[in-house]
Amino acid sequence: MHMPGLSEPFQRLLFGWHKTFQVYIGRGCVHECSYCGGSREAHTLIAGRTCVALRSVDSIVSSIRDLERFGFDSTCLALDSFPLTRADDYYIAIFDELKRLNVSLDIEVERYFLPSARFIESFRELPGKGSFITLSPHTQNADLGRKNGLYRYSNLAIENCLDLMETKNVNSLLCFTCGLPFETRADLEEMVNYQRGLRKKYSRMRFKTCLIEIEPGSGMSRTPGLYGLKLERSSFADYYRYHSQPAQNHWLETGYSRNTCPDHGEVSEFFCRHFCERFKAGRLSPMICNTLAAMWRVGAFQTLDRVLALKKKN
């Protein structure tokens, strides 16, 4: 979360802000997720890429050390598009180097597949105290996941993995998605209940639930009829006009409507009431967002920033 024109100390106070930067470990993908503009076919269409290329362990560790020198708090190792057996050797080699060099940055590792016990054991020994593993089940509904190319593992498998991480004191982040093609109101309500059950069971786990936004090159943008979509943005000019408007909230705008599914307004309202991790205020969450937006427009945050800076000087 970032608001232009505010000082770094105030942003840290306001948002629990910290400096982070992604270190991409490669390019390309073997998966074809419906919503993703970085999927296998999108890479082929946009860049002519037909395979996955990975960086060396030494280059990745060098990039992480650069971030540490520049004063970042954490980094994310994004991309996990290779066989599970190779993934263990690759990641553990990175972890071993970070431990040898005592790199204290918090490390987030995105895993498309569930990490093995060997991976978790190595990860837990990293020097960073706030490191965590990100898993993306997207939805608890296996059939909905398959229709969108997202199904990687069962709910039972992920809970077994979370059990292991809990016993090893490893933090985790679970990413869910709403706004997918073929989604029903019942799917959304089931997701709320599923998350509620997991939250009661695991103390070292947190959630991030996102509303999908249309991405150029994704399956949804290339073949919207296959997913029962009507696009609001399809050309470069459409994307340019939309994203050039600073007042647009890209976290709550899908850019498409879905046949026989809850409409955009209903999904946005449901999202704010049930999946807002910042406010957790249920029906009050939209009102809080609107109030903060109004405060920003009239300059209240900038004024408060200056007042706090003056108090600190005195």
# chains A, B, ... in the order shown; residues from 1 in each chain; ligands from 1
>>> residues_around(residues="stretch 259-265 of chain A", least_positions_apart="2", cutoff="9 Å", atoms="only C-alpha atoms", output="ChimeraX atom specification")
/A:179,181-185,227-230,252-257,267-270
>>> residues_around(residues="stretch 33-38 of chain A", least_positions_apart="6", cutoff="8 Å", atoms="only C-alpha atoms", output="list in words")
Asn148, Gly149, Leu150, Leu180, Ile212, Glu213, Ile214, Glu215, Pro216, Gly217, Ser218, Gly219 and Met220 of chain A
>>> write_last_selection(atoms="C-alpha atoms", output="short mmCIF file (atom, residue, chain, number, x, y, z; two decimals), in the first residue's frame")
data_model
loop_
_atom_site.label_atom_id
_atom_site.label_comp_id
_atom_site.auth_asym_id
_atom_site.auth_seq_id
_atom_site.Cartn_x
_atom_site.Cartn_y
_atom_site.Cartn_z
CA ASN A 148 -9.83 -22.42 -14.44
CA GLY A 149 -6.64 -24.47 -14.71
CA LEU A 150 -5.82 -23.83 -11.05
CA LEU A 180 -13.30 -16.40 -11.31
CA ILE A 212 -9.30 -11.08 -10.18
CA GLU A 213 -8.66 -8.31 -12.71
CA ILE A 214 -8.45 -9.03 -16.45
CA GLU A 215 -4.85 -9.31 -17.71
CA PRO A 216 -3.65 -8.97 -21.32
CA GLY A 217 -2.63 -12.31 -22.82
CA SER A 218 -4.53 -14.42 -20.29
CA GLY A 219 -6.88 -17.18 -21.40
CA MET A 220 -9.80 -15.08 -20.21
#
>>> closest_residue(among="A:Val298, A:Cys210, A:Ala87, A:Leu6", to="A:Cys276", atoms="only C-alpha atoms")
A:Cys210
>>> residues_around(residues="A:Ser131", least_positions_apart="4", cutoff="6 Å", atoms="only C-alpha atoms", output="list in words")
Asp106, Ile107 and Glu108 of chain A
>>> residues_around(residues="A:Ile60", least_positions_apart="4", cutoff="9 Å", atoms="only C-alpha atoms", output="list in words")
Val23, Tyr24, Ile25, Arg55, Ser56, Ile64, Arg65, Leu77 and Ile94 of chain A
>>> write_last_selection(atoms="all heavy atoms", output="compact mmCIF listing (two decimals), in the first residue's frame")
# COMPACT_ATOMS: atom_id res chain seq x y z
N VAL A 23 12.44 -10.82 -6.24
CA VAL A 23 13.58 -11.35 -7.00
C VAL A 23 13.05 -12.49 -7.85
O VAL A 23 12.73 -13.56 -7.32
CB VAL A 23 14.71 -11.84 -6.07
CG1 VAL A 23 15.79 -12.55 -6.87
CG2 VAL A 23 15.31 -10.66 -5.30
N TYR A 24 12.92 -12.25 -9.14
CA TYR A 24 12.41 -13.30 -10.02
C TYR A 24 13.52 -14.32 -10.28
O TYR A 24 14.64 -13.95 -10.59
CB TYR A 24 11.89 -12.72 -11.32
CG TYR A 24 10.51 -12.13 -11.17
CD1 TYR A 24 10.33 -10.80 -10.84
CD2 TYR A 24 9.39 -12.95 -11.29
CE1 TYR A 24 9.06 -10.27 -10.67
CE2 TYR A 24 8.11 -12.43 -11.11
CZ TYR A 24 7.95 -11.09 -10.81
OH TYR A 24 6.69 -10.59 -10.62
N ILE A 25 13.17 -15.57 -10.13
CA ILE A 25 14.18 -16.61 -10.29
C ILE A 25 14.21 -17.16 -11.72
O ILE A 25 15.06 -17.98 -12.05
CB ILE A 25 13.95 -17.77 -9.29
CG1 ILE A 25 12.65 -18.49 -9.58
CG2 ILE A 25 13.97 -17.23 -7.87
CD1 ILE A 25 12.42 -19.69 -8.69
N ARG A 55 17.36 -18.67 -13.40
CA ARG A 55 18.64 -18.04 -13.06
C ARG A 55 19.46 -18.97 -12.18
O ARG A 55 18.94 -19.89 -11.55
CB ARG A 55 18.39 -16.73 -12.32
CG ARG A 55 17.67 -15.67 -13.13
CD ARG A 55 17.35 -14.47 -12.27
NE ARG A 55 18.55 -13.80 -11.79
CZ ARG A 55 18.58 -12.92 -10.78
NH1 ARG A 55 17.45 -12.64 -10.14
NH2 ARG A 55 19.69 -12.35 -10.42
N SER A 56 20.76 -18.69 -12.10
CA SER A 56 21.63 -19.49 -11.26
C SER A 56 21.41 -19.14 -9.79
O SER A 56 20.95 -18.04 -9.46
CB SER A 56 23.10 -19.26 -11.63
OG SER A 56 23.50 -17.95 -11.26
N ILE A 64 19.59 -10.83 -3.77
CA ILE A 64 19.05 -10.70 -2.41
C ILE A 64 20.00 -9.89 -1.53
O ILE A 64 19.57 -9.03 -0.74
CB ILE A 64 18.78 -12.09 -1.81
CG1 ILE A 64 17.68 -12.80 -2.59
CG2 ILE A 64 18.39 -11.96 -0.33
CD1 ILE A 64 17.45 -14.23 -2.17
N ARG A 65 21.28 -10.10 -1.68
CA ARG A 65 22.27 -9.35 -0.89
C ARG A 65 22.26 -7.87 -1.28
O ARG A 65 22.45 -6.99 -0.44
CB ARG A 65 23.66 -9.94 -1.07
CG ARG A 65 23.78 -11.37 -0.54
CD ARG A 65 25.23 -11.83 -0.55
NE ARG A 65 25.99 -11.20 0.52
CZ ARG A 65 27.31 -11.24 0.63
NH1 ARG A 65 28.02 -11.88 -0.30
NH2 ARG A 65 27.94 -10.66 1.62
N LEU A 77 10.64 -14.56 -3.54
CA LEU A 77 11.14 -15.39 -4.64
C LEU A 77 9.92 -15.89 -5.40
O LEU A 77 9.21 -16.79 -4.96
CB LEU A 77 11.97 -16.56 -4.11
CG LEU A 77 13.19 -16.18 -3.27
CD1 LEU A 77 13.98 -17.44 -2.90
CD2 LEU A 77 14.09 -15.21 -4.02
N ILE A 94 19.67 -22.31 -2.48
CA ILE A 94 19.55 -20.87 -2.19
C ILE A 94 19.51 -20.64 -0.68
O ILE A 94 20.22 -19.77 -0.15
CB ILE A 94 18.28 -20.30 -2.85
CG1 ILE A 94 18.38 -20.39 -4.37
CG2 ILE A 94 18.06 -18.84 -2.42
CD1 ILE A 94 17.09 -20.02 -5.09
>>> residues_around(residues="A:Thr50", least_positions_apart="5", cutoff="9 Å", atoms="only C-alpha atoms", output="PDB file with N, CA and C atoms, in the first residue's frame")
ATOM      1  N   GLY A  28       9.028 -17.573 -17.852  1.00  0.00           N
ATOM      2  CA  GLY A  28       8.278 -18.644 -18.487  1.00  0.00           C
ATOM      3  C   GLY A  28       7.415 -19.386 -17.488  1.00  0.00           C
ATOM      4  N   CYS A  29       6.510 -20.230 -17.999  1.00  0.00           N
ATOM      5  CA  CYS A  29       5.622 -20.995 -17.130  1.00  0.00           C
ATOM      6  C   CYS A  29       5.129 -22.229 -17.878  1.00  0.00           C
ATOM      7  N   VAL A  30       4.869 -23.290 -17.130  1.00  0.00           N
ATOM      8  CA  VAL A  30       4.320 -24.507 -17.731  1.00  0.00           C
ATOM      9  C   VAL A  30       2.817 -24.618 -17.483  1.00  0.00           C
ATOM     10  N   ARG A  40       1.539 -20.001 -19.673  1.00  0.00           N
ATOM     11  CA  ARG A  40       2.317 -20.633 -20.752  1.00  0.00           C
ATOM     12  C   ARG A  40       2.003 -20.024 -22.116  1.00  0.00           C
ATOM     13  N   GLU A  41       0.723 -19.965 -22.482  1.00  0.00           N
ATOM     14  CA  GLU A  41       0.351 -19.466 -23.810  1.00  0.00           C
ATOM     15  C   GLU A  41       0.590 -17.968 -23.928  1.00  0.00           C
ATOM     16  N   HIS A  43       3.055 -16.282 -22.538  1.00  0.00           N
ATOM     17  CA  HIS A  43       4.488 -16.121 -22.802  1.00  0.00           C
ATOM     18  C   HIS A  43       4.804 -16.389 -24.275  1.00  0.00           C
ATOM     19  N   THR A  44       4.178 -17.412 -24.826  1.00  0.00           N
ATOM     20  CA  THR A  44       4.410 -17.731 -26.237  1.00  0.00           C
ATOM     21  C   THR A  44       3.889 -16.614 -27.139  1.00  0.00           C
TER      22      THR A  44
END
>>> closest_residue(among="A:Asn171, A:Arg100, A:Ala42, A:Tyr239", to="A:Lys129", atoms="only C-alpha atoms")
A:Asn171
>>> select_by_dssp(residues="stretch 195-273 of chain A", states="strand (DSSP E or B)", output="list in words")
Met205, Arg206, Phe207, Lys208, Thr209, Cys210, Leu211, Leu229, Lys230, Leu231, Tyr256, Ser257 and Arg258 of chain A
>>> closest_residue(among="A:Ala78, A:Ala309, A:Met205, A:Leu188", to="A:Asn141", atoms="only C-alpha atoms")
A:Leu188
>>> select_by_dssp(residues="stretch 54-186 of chain A", states="alpha helix (DSSP H)", output="MDAnalysis selection string")
chainID A and resid 57:69 84:100 117:123 142:147 155:167 185:186
>>> closest_residue(among="A:Arg196, A:Arg49, A:Arg152, A:Arg204", to="A:Glu166", atoms="only C-alpha atoms")
A:Arg204
>>> residues_around(residues="A:Ser203", least_positions_apart="4", cutoff="12 Å", atoms="only C-alpha atoms", output="ChimeraX atom specification")
/A:162-163,165-167,169-173,197-199,207
>>> residues_around(residues="A:Gly26", least_positions_apart="3", cutoff="9 Å", atoms="only C-alpha atoms", output="PDB file with C-alpha atoms, in the first residue's frame")
ATOM      1  CA  VAL A  52      11.153 -22.015 -18.601  1.00  0.00           C
ATOM      2  CA  ALA A  53      14.558 -20.398 -18.052  1.00  0.00           C
ATOM      3  CA  LEU A  54      15.949 -20.284 -14.495  1.00  0.00           C
ATOM      4  CA  ARG A  55      18.636 -18.039 -13.062  1.00  0.00           C
ATOM      5  CA  ALA A  78       8.443 -15.551  -7.305  1.00  0.00           C
ATOM      6  CA  LEU A  79       8.013 -18.369  -9.870  1.00  0.00           C
ATOM      7  CA  ASP A  80       7.812 -22.069  -9.155  1.00  0.00           C
ATOM      8  CA  SER A  81       7.381 -23.643 -12.551  1.00  0.00           C
TER       9      SER A  81
END
>>> atom_distance(atom1="atom CA of A:Ser63", atom2="atom CA of A:Pro137")
28.6 Å
>>> closest_residue(among="A:Arg241, A:Arg273, A:Lys312, A:His18", to="A:Val192", atoms="only C-alpha atoms")
A:Arg273
>>> closest_residue(among="A:Leu126, A:Leu144, A:Ile46, A:Val61", to="A:Ser104", atoms="only C-alpha atoms")
A:Leu126
